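Student: CSV, C-alpha atoms, file protein-v4.csv:
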```
chain,number,residue,atom,x,y,z
A,202,MET,CA,75.6,47.1,100.5
A,203,ALA,CA,74.4,43.5,100.7
A,204,ARG,CA,76.4,41.0,98.7
A,205,TRP,CA,73.5,40.0,96.5
A,206,GLU,CA,73.3,43.5,95.3
A,207,SER,CA,76.8,43.4,93.9
A,208,GLY,CA,76.7,44.9,90.4
A,209,ALA,CA,73.3,46.4,91.0
A,210,ARG,CA,74.4,49.9,90.1
A,211,ASP,CA,75.8,48.8,86.7
A,212,ARG,CA,72.7,46.7,86.0
A,213,LEU,CA,70.4,49.6,86.9
A,214,GLN,CA,72.4,51.9,84.6
A,215,GLY,CA,72.4,49.5,81.7
A,216,ALA,CA,68.7,48.8,82.1
A,217,ALA,CA,67.9,52.5,82.3
A,218,LEU,CA,69.8,53.4,79.2
A,219,GLU,CA,68.2,50.7,77.1
A,220,LEU,CA,64.7,51.8,78.3
A,221,PHE,CA,65.5,55.6,77.7
A,222,ALA,CA,66.8,54.8,74.2
A,223,ALA,CA,63.7,52.6,73.4
A,224,ASN,CA,60.9,54.6,75.1
A,225,GLY,CA,62.4,58.1,75.7
A,226,PHE,CA,63.5,59.5,79.0
A,227,ASP,CA,60.0,60.8,79.9
A,228,GLY,CA,58.5,57.5,78.8
A,229,THR,CA,60.5,55.4,81.3
A,230,THR,CA,59.6,55.0,85.0
A,231,VAL,CA,61.9,54.0,87.9
A,232,ALA,CA,59.7,51.0,88.4
A,233,GLU,CA,60.4,49.8,84.9
A,234,ILE,CA,64.1,50.4,85.3
A,235,ALA,CA,64.2,48.4,88.5
A,236,ALA,CA,62.1,45.6,87.0
A,237,ALA,CA,64.3,45.4,83.9
A,238,ALA,CA,67.3,45.1,86.2
A,239,GLY,CA,65.6,42.4,88.3
A,240,LEU,CA,65.8,44.7,91.4
A,241,THR,CA,63.4,46.8,93.5
A,242,GLU,CA,62.6,50.5,93.3
A,243,ARG,CA,64.0,50.7,96.8
A,244,THR,CA,67.3,49.4,95.5
A,245,PHE,CA,67.2,51.9,92.7
A,246,PHE,CA,66.9,54.8,95.2
A,247,ARG,CA,69.8,53.5,97.2
A,248,HIS,CA,72.0,54.1,94.2
A,249,PHE,CA,70.4,57.1,92.5
A,250,THR,CA,68.4,60.1,93.7
A,251,ASP,CA,66.3,60.1,90.6
A,252,LYS,CA,66.1,59.0,86.9
A,253,ARG,CA,68.3,61.8,85.7
A,254,GLU,CA,71.1,60.9,88.0
A,255,VAL,CA,71.6,57.7,86.1
A,256,LEU,CA,72.8,59.8,83.2
A,257,PHE,CA,74.8,62.3,85.2
A,258,THR,CA,76.4,60.3,88.0
A,259,GLY,CA,80.1,60.6,88.2
A,260,GLN,CA,80.3,64.3,87.3
A,261,GLU,CA,82.8,64.9,90.1
A,262,ALA,CA,85.1,62.1,88.9
A,263,PHE,CA,84.7,63.5,85.3
A,264,GLU,CA,85.9,66.9,86.4
A,265,GLN,CA,88.6,65.4,88.7
A,266,VAL,CA,90.2,63.5,85.9
A,267,PHE,CA,90.9,66.8,84.0
A,268,ILE,CA,92.2,68.5,87.2
A,269,THR,CA,94.5,65.5,88.0
A,270,GLY,CA,96.1,65.8,84.5
A,271,LEU,CA,96.4,69.6,84.9
A,272,ALA,CA,98.0,69.2,88.4
A,273,ALA,CA,100.5,66.6,87.2
A,274,THR,CA,102.1,68.7,84.4
A,275,THR,CA,105.0,71.0,85.0
A,276,ASP,CA,104.4,73.0,81.9
A,277,ASP,CA,103.8,76.8,82.1
A,278,GLU,CA,102.0,77.5,78.8
A,279,PRO,CA,98.2,77.6,79.5
A,280,MET,CA,97.3,75.6,76.4
A,281,SER,CA,100.0,73.0,77.2
A,282,ILE,CA,98.5,72.7,80.7
A,283,ILE,CA,95.1,72.2,79.1
A,284,THR,CA,96.5,69.6,76.7
A,285,ALA,CA,97.7,67.6,79.8
A,286,ALA,CA,94.2,67.9,81.3
A,287,LEU,CA,92.7,66.6,78.1
A,288,ARG,CA,95.1,63.6,77.9
A,289,SER,CA,94.1,62.7,81.4
A,290,ALA,CA,90.4,63.0,80.6
A,291,ALA,CA,90.8,60.6,77.7
A,292,THR,CA,91.6,57.8,80.1
A,293,PHE,CA,88.1,58.3,81.5
A,294,PHE,CA,86.6,57.1,78.2
A,295,PRO,CA,88.2,53.8,77.2
A,296,GLU,CA,86.9,51.8,74.3
A,297,ASP,CA,84.5,49.8,76.4
A,298,ARG,CA,82.7,53.0,77.4
A,299,ARG,CA,82.1,54.2,73.8
A,300,ARG,CA,78.8,52.3,73.2
A,301,TRP,CA,77.3,53.6,76.6
A,302,SER,CA,78.5,57.2,75.7
A,303,ARG,CA,76.9,56.9,72.3
A,304,VAL,CA,73.5,55.8,73.5
A,305,ARG,CA,73.6,58.3,76.5
A,306,GLN,CA,74.2,61.2,74.1
A,307,GLN,CA,71.3,60.1,71.9
A,308,VAL,CA,69.0,60.1,75.0
A,309,ILE,CA,70.3,63.6,76.0
A,310,ASP,CA,70.1,65.1,72.6
A,311,ALA,CA,66.4,64.1,72.4
A,312,HIS,CA,65.4,66.0,75.6
A,313,GLU,CA,65.8,69.7,76.1
A,314,ALA,CA,66.1,69.6,79.9
A,315,LEU,CA,68.8,66.9,79.7
A,316,ARG,CA,70.7,69.0,77.1
A,317,GLU,CA,70.6,72.0,79.4
A,318,ARG,CA,71.9,69.8,82.3
A,319,GLU,CA,74.7,68.6,80.0
A,320,LEU,CA,75.7,72.1,79.1
A,321,LEU,CA,75.7,73.1,82.7
A,322,LYS,CA,78.1,70.1,83.4
A,323,LEU,CA,80.5,71.3,80.7
A,324,SER,CA,80.2,74.9,81.9
A,325,SER,CA,81.1,73.7,85.4
A,326,LEU,CA,84.1,71.9,84.0
A,327,ALA,CA,85.3,75.1,82.2
A,328,ALA,CA,84.9,77.0,85.5
A,329,ALA,CA,86.9,74.4,87.4
A,330,LEU,CA,89.7,74.5,84.7
A,331,THR,CA,89.7,78.3,84.8
A,332,THR,CA,90.1,78.3,88.6
A,333,ALA,CA,92.9,75.7,88.4
A,334,LEU,CA,94.8,77.7,85.7
A,335,SER,CA,94.4,81.0,87.7
A,336,ALA,CA,95.7,79.2,90.8
A,337,ARG,CA,98.9,78.5,88.7
A,338,GLY,CA,99.3,82.2,88.0
A,339,VAL,CA,97.7,82.4,84.6
A,340,ASP,CA,96.0,85.8,84.1
A,341,SER,CA,92.2,85.6,84.3
A,342,THR,CA,91.4,86.3,80.6
A,343,SER,CA,94.0,83.7,79.4
A,344,ALA,CA,92.8,81.2,82.0
A,345,ALA,CA,89.1,81.5,80.9
A,346,LEU,CA,90.0,81.4,77.3
A,347,ALA,CA,92.3,78.4,77.5
A,348,ALA,CA,89.8,76.6,79.7
A,349,GLU,CA,86.8,77.2,77.4
A,350,THR,CA,89.0,76.3,74.4
A,351,GLY,CA,90.0,73.1,76.1
A,352,VAL,CA,86.3,72.2,76.7
A,353,THR,CA,85.6,73.0,73.0
A,354,VAL,CA,88.3,70.6,71.9
A,355,PHE,CA,87.0,68.0,74.3
A,356,ARG,CA,83.4,68.4,73.0
A,357,THR,CA,84.4,68.4,69.4
A,358,ALA,CA,86.6,65.3,69.8
A,359,PHE,CA,84.0,63.6,72.0
A,360,ALA,CA,81.3,64.2,69.3
A,361,ALA,CA,83.6,62.6,66.8
A,362,TRP,CA,84.4,59.7,69.1
A,363,ILE,CA,80.8,58.7,69.5
A,364,ALA,CA,79.9,59.2,65.8
A,365,PRO,CA,78.7,56.0,64.0
A,366,GLY,CA,81.6,54.0,62.7
A,367,GLU,CA,84.4,56.0,64.4
A,368,THR,CA,87.1,53.7,65.8
A,369,ARG,CA,90.0,56.1,66.7
A,370,SER,CA,90.5,56.7,70.5
A,371,LEU,CA,89.4,59.9,72.2
A,372,ALA,CA,93.0,60.8,72.9
A,373,ALA,CA,93.9,60.5,69.1
A,374,LEU,CA,90.8,62.5,68.2
A,375,GLN,CA,91.7,65.2,70.7
A,376,ASP,CA,95.1,65.5,69.2
A,377,THR,CA,93.6,65.9,65.7
A,378,VAL,CA,91.1,68.5,66.9
A,379,MET,CA,93.9,70.5,68.7
A,380,GLU,CA,96.0,70.5,65.5
A,381,ARG,CA,92.9,71.6,63.5
A,382,LEU,CA,92.4,74.4,66.0
A,383,HIS,CA,96.0,75.5,65.5
A,384,THR,CA,95.5,75.5,61.8
A,385,LEU,CA,92.3,77.5,62.1
A,386,VAL,CA,93.7,80.2,64.4
A,387,ALA,CA,97.2,80.5,63.0
A,388,PRO,CA,96.3,82.7,60.0
A,389,LEU,CA,94.6,85.3,62.2
B,276,MET,CA,49.0,98.3,69.9
B,277,ALA,CA,47.2,101.3,71.4
B,278,ARG,CA,49.0,104.6,71.2
B,279,TRP,CA,49.0,105.1,75.0
B,280,GLU,CA,50.9,101.8,75.3
B,281,SER,CA,53.8,103.2,73.3
B,282,GLY,CA,57.0,102.4,75.2
B,283,ALA,CA,55.2,99.8,77.4
B,284,ARG,CA,57.6,97.0,76.4
B,285,ASP,CA,60.7,99.0,77.4
B,286,ARG,CA,59.0,100.2,80.7
B,287,LEU,CA,58.1,96.6,81.6
B,288,GLN,CA,61.6,95.4,80.8
B,289,GLY,CA,63.2,98.2,82.9
B,290,ALA,CA,60.8,97.6,85.8
B,291,ALA,CA,61.3,93.8,85.7
B,292,LEU,CA,65.1,94.1,85.7
B,293,GLU,CA,65.1,96.4,88.7
B,294,LEU,CA,62.8,94.2,90.6
B,295,PHE,CA,64.8,91.0,89.7
B,296,ALA,CA,68.0,92.7,90.8
B,297,ALA,CA,66.5,93.9,94.1
B,298,ASN,CA,64.3,90.9,95.1
B,299,GLY,CA,65.6,88.0,93.0
B,300,PHE,CA,63.9,86.4,89.9
B,301,ASP,CA,61.8,84.1,92.1
B,302,GLY,CA,60.9,86.9,94.5
B,303,THR,CA,59.3,89.0,91.8
B,304,THR,CA,55.8,88.6,90.4
B,305,VAL,CA,54.3,89.7,87.1
B,306,ALA,CA,51.8,91.8,89.1
B,307,GLU,CA,54.6,93.7,90.7
B,308,ILE,CA,56.4,94.2,87.4
B,309,ALA,CA,53.2,95.6,85.8
B,310,ALA,CA,52.5,97.8,88.8
B,311,ALA,CA,56.1,99.2,88.8
B,312,ALA,CA,55.7,100.0,85.1
B,313,GLY,CA,52.3,101.7,85.7
B,314,LEU,CA,50.6,99.1,83.5
B,315,THR,CA,48.3,96.1,83.9
B,316,GLU,CA,49.2,92.4,84.0
B,317,ARG,CA,47.1,92.0,80.8
B,318,THR,CA,49.5,94.5,79.1
B,319,PHE,CA,52.5,92.5,80.4
B,320,PHE,CA,51.1,89.3,78.8
B,321,ARG,CA,50.5,91.1,75.5
B,322,HIS,CA,54.3,91.7,75.4
B,323,PHE,CA,55.8,88.7,77.1
B,324,THR,CA,54.7,85.1,77.5
B,325,ASP,CA,56.2,84.9,81.0
B,326,LYS,CA,58.7,86.5,83.4
B,327,ARG,CA,61.6,84.7,81.9
B,328,GLU,CA,61.0,86.0,78.4
B,329,VAL,CA,61.7,89.5,79.7
B,330,LEU,CA,65.4,88.4,80.0
B,331,PHE,CA,65.5,86.2,76.9
B,332,THR,CA,63.5,88.2,74.4
B,333,GLY,CA,65.3,89.0,71.2
B,334,GLN,CA,67.2,85.8,70.9
B,335,GLU,CA,66.4,85.5,67.2
B,336,ALA,CA,67.7,89.0,66.5
B,337,PHE,CA,70.8,88.1,68.6
B,338,GLU,CA,71.6,85.1,66.5
B,339,GLN,CA,70.7,86.9,63.3
B,340,VAL,CA,73.2,89.7,63.9
B,341,PHE,CA,76.0,87.1,63.9
B,342,ILE,CA,74.6,85.4,60.7
B,343,THR,CA,74.3,88.7,58.9
B,344,GLY,CA,78.0,89.5,59.5
B,345,LEU,CA,78.9,86.0,58.4
B,346,ALA,CA,76.9,86.2,55.2
B,347,ALA,CA,78.3,89.7,54.3
B,348,THR,CA,82.0,88.7,54.3
B,349,THR,CA,83.7,87.3,51.2
B,350,ASP,CA,86.5,85.7,53.2
B,351,ASP,CA,87.2,82.0,52.9
B,352,GLU,CA,89.1,81.3,56.2
B,353,PRO,CA,86.7,79.9,58.8
B,354,MET,CA,88.1,82.1,61.6
B,355,SER,CA,88.0,85.2,59.4
B,356,ILE,CA,84.4,84.5,58.6
B,357,ILE,CA,83.7,84.1,62.4
B,358,THR,CA,85.5,87.3,63.1
B,359,ALA,CA,83.2,89.1,60.6
B,360,ALA,CA,80.2,87.5,62.5
B,361,LEU,CA,81.7,88.8,65.8
B,362,ARG,CA,82.1,92.4,64.4
B,363,SER,CA,78.5,92.4,63.4
B,364,ALA,CA,77.4,91.1,66.8
B,365,ALA,CA,79.2,93.9,68.6
B,366,THR,CA,76.8,96.4,67.0
B,367,PHE,CA,74.0,94.6,68.9
B,368,PHE,CA,75.6,95.8,72.2
B,369,PRO,CA,76.2,99.6,72.0
B,370,GLU,CA,77.3,101.6,75.0
B,371,ASP,CA,73.7,102.4,76.1
B,372,ARG,CA,73.0,98.7,76.5
B,373,ARG,CA,75.9,98.0,78.8
B,374,ARG,CA,74.1,98.8,82.1
B,375,TRP,CA,71.1,96.6,81.1
B,376,SER,CA,73.5,93.7,80.1
B,377,ARG,CA,75.4,94.0,83.4
B,378,VAL,CA,72.3,93.8,85.6
B,379,ARG,CA,70.7,91.1,83.4
B,380,GLN,CA,73.8,88.9,83.9
B,381,GLN,CA,73.8,89.4,87.7
B,382,VAL,CA,70.2,88.2,87.7
B,383,ILE,CA,71.0,85.2,85.5
B,384,ASP,CA,74.1,84.2,87.4
B,385,ALA,CA,72.1,84.1,90.6
B,386,HIS,CA,69.6,81.5,89.3
B,387,GLU,CA,70.5,78.0,88.1
B,388,ALA,CA,67.6,77.6,85.7
B,389,LEU,CA,68.3,81.0,84.1
B,390,ARG,CA,72.0,80.0,83.7
B,391,GLU,CA,70.9,76.8,82.0
B,392,ARG,CA,68.7,78.8,79.7
B,393,GLU,CA,71.5,81.2,78.8
B,394,LEU,CA,73.9,78.3,78.1
B,395,LEU,CA,71.2,76.8,75.8
B,396,LYS,CA,71.0,80.2,74.0
B,397,LEU,CA,74.8,80.2,73.3
B,398,SER,CA,74.7,76.6,72.3
B,399,SER,CA,72.0,77.4,69.8
B,400,LEU,CA,74.2,80.2,68.5
B,401,ALA,CA,77.1,77.9,68.1
B,402,ALA,CA,74.9,75.4,66.2
B,403,ALA,CA,73.6,78.2,63.9
B,404,LEU,CA,77.2,79.4,63.2
B,405,THR,CA,78.3,75.8,62.5
B,406,THR,CA,75.4,75.3,60.0
B,407,ALA,CA,76.2,78.6,58.3
B,408,LEU,CA,79.9,77.7,58.0
B,409,SER,CA,79.1,74.3,56.7
B,410,ALA,CA,76.8,75.8,54.1
B,411,ARG,CA,79.9,77.8,52.8
B,412,GLY,CA,81.8,74.5,52.3
B,413,VAL,CA,83.8,74.4,55.5
B,414,ASP,CA,84.3,70.8,56.6
B,415,SER,CA,82.2,69.8,59.6
B,416,THR,CA,85.0,69.6,62.2
B,417,SER,CA,86.4,72.9,61.3
B,418,ALA,CA,82.9,74.5,61.1
B,419,ALA,CA,82.1,73.2,64.6
B,420,LEU,CA,85.4,74.2,66.0
B,421,ALA,CA,85.5,77.7,64.5
B,422,ALA,CA,81.9,78.3,65.6
B,423,GLU,CA,82.5,77.1,69.2
B,424,THR,CA,85.7,79.1,69.3
B,425,GLY,CA,83.8,82.2,68.1
B,426,VAL,CA,81.2,81.8,70.8
B,427,THR,CA,84.0,81.4,73.4
B,428,VAL,CA,85.6,84.7,72.2
B,429,PHE,CA,82.2,86.4,72.3
B,430,ARG,CA,81.5,85.1,75.9
B,431,THR,CA,85.0,86.0,77.2
B,432,ALA,CA,84.8,89.5,75.6
B,433,PHE,CA,81.2,90.0,76.8
B,434,ALA,CA,82.2,89.0,80.4
B,435,ALA,CA,84.9,91.7,80.2
B,436,TRP,CA,82.6,94.2,78.7
B,437,ILE,CA,80.1,94.0,81.6
B,438,ALA,CA,82.8,93.9,84.3
B,439,PRO,CA,82.7,96.8,86.8
B,440,GLY,CA,84.6,99.8,85.5
B,441,GLU,CA,85.2,98.5,82.0
B,442,THR,CA,84.8,101.2,79.4
B,443,ARG,CA,86.2,99.6,76.2
B,444,SER,CA,83.7,98.7,73.5
B,445,LEU,CA,82.7,95.1,72.9
B,446,ALA,CA,84.3,95.2,69.5
B,447,ALA,CA,87.6,96.3,70.9
B,448,LEU,CA,87.4,93.6,73.6
B,449,GLN,CA,86.6,90.9,71.1
B,450,ASP,CA,89.7,92.0,69.1
B,451,THR,CA,91.8,91.8,72.2
B,452,VAL,CA,90.5,88.3,73.1
B,453,MET,CA,91.0,87.1,69.6
B,454,GLU,CA,94.6,88.2,69.7
B,455,ARG,CA,95.0,86.5,73.1
B,456,LEU,CA,93.6,83.3,71.7
B,457,HIS,CA,96.2,83.5,68.9
B,458,THR,CA,99.0,83.9,71.4
B,459,LEU,CA,97.7,81.0,73.4
B,460,VAL,CA,97.3,78.6,70.5
B,461,ALA,CA,100.4,79.6,68.5
B,462,PRO,CA,103.0,77.7,70.6
B,463,LEU,CA,101.2,74.4,70.3
```
Let me see the file written as structure tokens.

Tutor:
Amino acid sequence: MARWESGARDRLQGAALELFAANGFDGTTVAEIAAAAGLTERTFFRHFTDKREVLFTGQEAFEQVFITGLAATTDDEPMSIITAALRSAATFFPEDRRRWSRVRQQVIDAHEALRERELLKLSSLAAALTTALSARGVDSTSAALAAETGVTVFRTAFAAWIAPGETRSLAALQDTVMERLHTLVAPL
Amino acid sequence: MARWESGARDRLQGAALELFAANGFDGTTVAEIAAAAGLTERTFFRHFTDKREVLFTGQEAFEQVFITGLAATTDDEPMSIITAALRSAATFFPEDRRRWSRVRQQVIDAHEALRERELLKLSSLAAALTTALSARGVDSTSAALAAETGVTVFRTAFAAWIAPGETRSLAALQDTVMERLHTLVAPL
């Protein structure tokens, strides 16, 4: 990448998100994104295959941060292993990412195809966690159940994290949601 | 509907599923489905708006059977309310539906756009359950968490129900999965 393009990717992402939020995903063109970032369409396509990828780039890294946490714990209990994965995942969403995440979610919520894509991403995450738990000897039902439950805790905490006015960290919110889950399931 | 068309809908669904399973969803045309059912394309389009609807028809009834169970219980605990919804849902999947459900899932699993559609259906169910729990005075985090957890239990039990050789009822499998969830979450 040429030196003058340094930061191009971030500038394109920032410009795209602002335009999506203002004019809708369908109401924004790649030409407009590139122009708003002071770059060419050709540069855009060196960084992203299409408009949608601006919102979904980094999915591998997103899954990997869960798997890294899972691999690092020596715990045996499936939900303790999942808790370790969630703690690792929280590092992927530091404070300075909250505003981006908040606007990104608004753009996705307003567009059915993007919502479907986001659901597929979380479903892929659950499948990856199931596979990783199974590889540690957890039976298939417990692996699937613990993985799906972990994704539910992540989603619930993440929705709270990007809610207007929320200031607690994602890690703290995940702990709160996990405790709540325990309270809900305990009386069964 | 004309008398001679009685059963047309079921015949079209049966023919479509066989063709999807044999030739893939994209490899099957409405003309072929109609011909296999001994009916015209015009008749097909009186019953379904498109090919995909053959697989996703009845979504309202599917959601409603959960909501009916939820509305009927006098329990206060969110997860007990969800359990009542799951018991009601199990009546929607009697033994004679298992083979259809099994083949339908194979068709869906083989096609990304159909998988996305199925995920959206379950996400819509979770939203409906969240709304219904909130309307009963459950706080928003507990409502979302209990609803998502209920959908996870349903999905896990449903996957077991349609697994090759499985003979237990969906209701029995849901109870087993719910117990397993309790065992997983209890040590936290």

Student: Pick out the chain A residues within 8 Å of chain B. Count all atoms listed in the file. Give them as a PyMOL selection string.

Tutor: chain A and resi 278-281+316-318+320-321+342-343+345-347+349-350+353-354+357+378+381-383+385-387+389

Student: For Thr368 in chain A, which of A:Asn224, A:Arg288, A:Ala329, A:Pro295 is the closest residue, counting all atoms listed in the file?

Tutor: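 Using all atoms listed in the file, Thr368 in chain A sits closest to A:Pro295.
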
Student: By how many Å are CA of Glu264 in chain A and CA of Leu326 in chain A apart?

Tutor: 5.8 Å

Student: Neighbouring residues of Asp277 in chain A were defined as those with any atom within 10 Å, considering only C-alpha atoms; residues of the same chain fewer than 6 positions away were excluded. Please report them as a list in words.

Tutor: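 Counting only the stated atoms, we get Leu334, Arg337, Gly338 and Val339 of chain A.
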
Student: Write out as a count of residues only each polymer residue whose atoms come within 12 Å of Phe320 in chain B, counting only C-alpha atoms; drop sequence neighbours fewer than 4 positions from it.

Tutor: 16

Student: Go through A:Thr269, A:Thr230, A:Ser370, A:Ser302 and flag the residue nearest Ala286 in chain A, using all atoms listed in the file for the distances.

Tutor: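 The closest residue to Ala286 in chain A is A:Thr269.
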
Student: Counting all atoms listed in the file, select every polymer residue within 7 Å of (72.8, 91.0, 66.4) as defined in the file's coordinates, and provide the selection as a JSON list (two decimals) with C-alpha atoms, in the coordinates of the input.

Tutor:
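Result file is part08.json:
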```json
[["chain", "number", "residue", "atom", "x", "y", "z"],
["B", 336, "ALA", "CA", 67.70, 89.00, 66.50],
["B", 337, "PHE", "CA", 70.80, 88.10, 68.60],
["B", 338, "GLU", "CA", 71.60, 85.10, 66.50],
["B", 339, "GLN", "CA", 70.70, 86.90, 63.30],
["B", 340, "VAL", "CA", 73.20, 89.70, 63.90],
["B", 341, "PHE", "CA", 76.00, 87.10, 63.90],
["B", 363, "SER", "CA", 78.50, 92.40, 63.40],
["B", 364, "ALA", "CA", 77.40, 91.10, 66.80],
["B", 366, "THR", "CA", 76.80, 96.40, 67.00],
["B", 367, "PHE", "CA", 74.00, 94.60, 68.90]]
```

Student: Could you work out how far CA of Arg300 in chain A lies from CA of Ala237 in chain A, giving the answer in Å with one decimal?

Tutor: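 So the answer is 19.3 Å.
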
Student: Would you mind reading off the distance between CA of Ala364 in chain A and CA of Leu345 in chain B, one decimal, in Å?

Tutor: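 According to the coordinates, CA of Ala364 in chain A and CA of Leu345 in chain B are separated by 27.8 Å.
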
Student: Do a neighbour search on Asp276 in chain A at 10 Å with all atoms listed in the file, toss out local chain neighbours closer than 6 positions, and write the hits as a CSV table (one decimal) with C-alpha atoms, keeping the file's coordinate frame.

Tutor:
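This is the output file part.csv:
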```csv
chain,number,residue,atom,x,y,z
A,282,ILE,CA,98.5,72.7,80.7
A,283,ILE,CA,95.1,72.2,79.1
A,285,ALA,CA,97.7,67.6,79.8
```

Student: Need to verify the contact set: Gly299 in chain B, 12 Å, all atoms listed in the file, exclusion of same-chain residues closer than 5 positions in sequence. Can you return it as an NGL selection string?

Tutor: :B and (291-294 or 304 or 326 or 378-379 or 381-386 or 389)

Student: I need every residue sitting at most 9 Å from the point (78.3, 46.8, 79.6) (coordinates as in the file, all atoms listed in the file considered), written as an mmCIF file with C-alpha atoms, keeping the file's coordinate frame.

Tutor:
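Produced file out27.cif, reproduced below:
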```cif
data_model
loop_
_atom_site.group_PDB
_atom_site.id
_atom_site.type_symbol
_atom_site.label_atom_id
_atom_site.label_comp_id
_atom_site.auth_asym_id
_atom_site.auth_seq_id
_atom_site.Cartn_x
_atom_site.Cartn_y
_atom_site.Cartn_z
ATOM 1 C CA ASP A 211 75.800 48.800 86.700
ATOM 2 C CA ARG A 212 72.700 46.700 86.000
ATOM 3 C CA GLY A 215 72.400 49.500 81.700
ATOM 4 C CA ASP A 297 84.500 49.800 76.400
ATOM 5 C CA ARG A 298 82.700 53.000 77.400
ATOM 6 C CA ARG A 300 78.800 52.300 73.200
ATOM 7 C CA TRP A 301 77.300 53.600 76.600
#
```
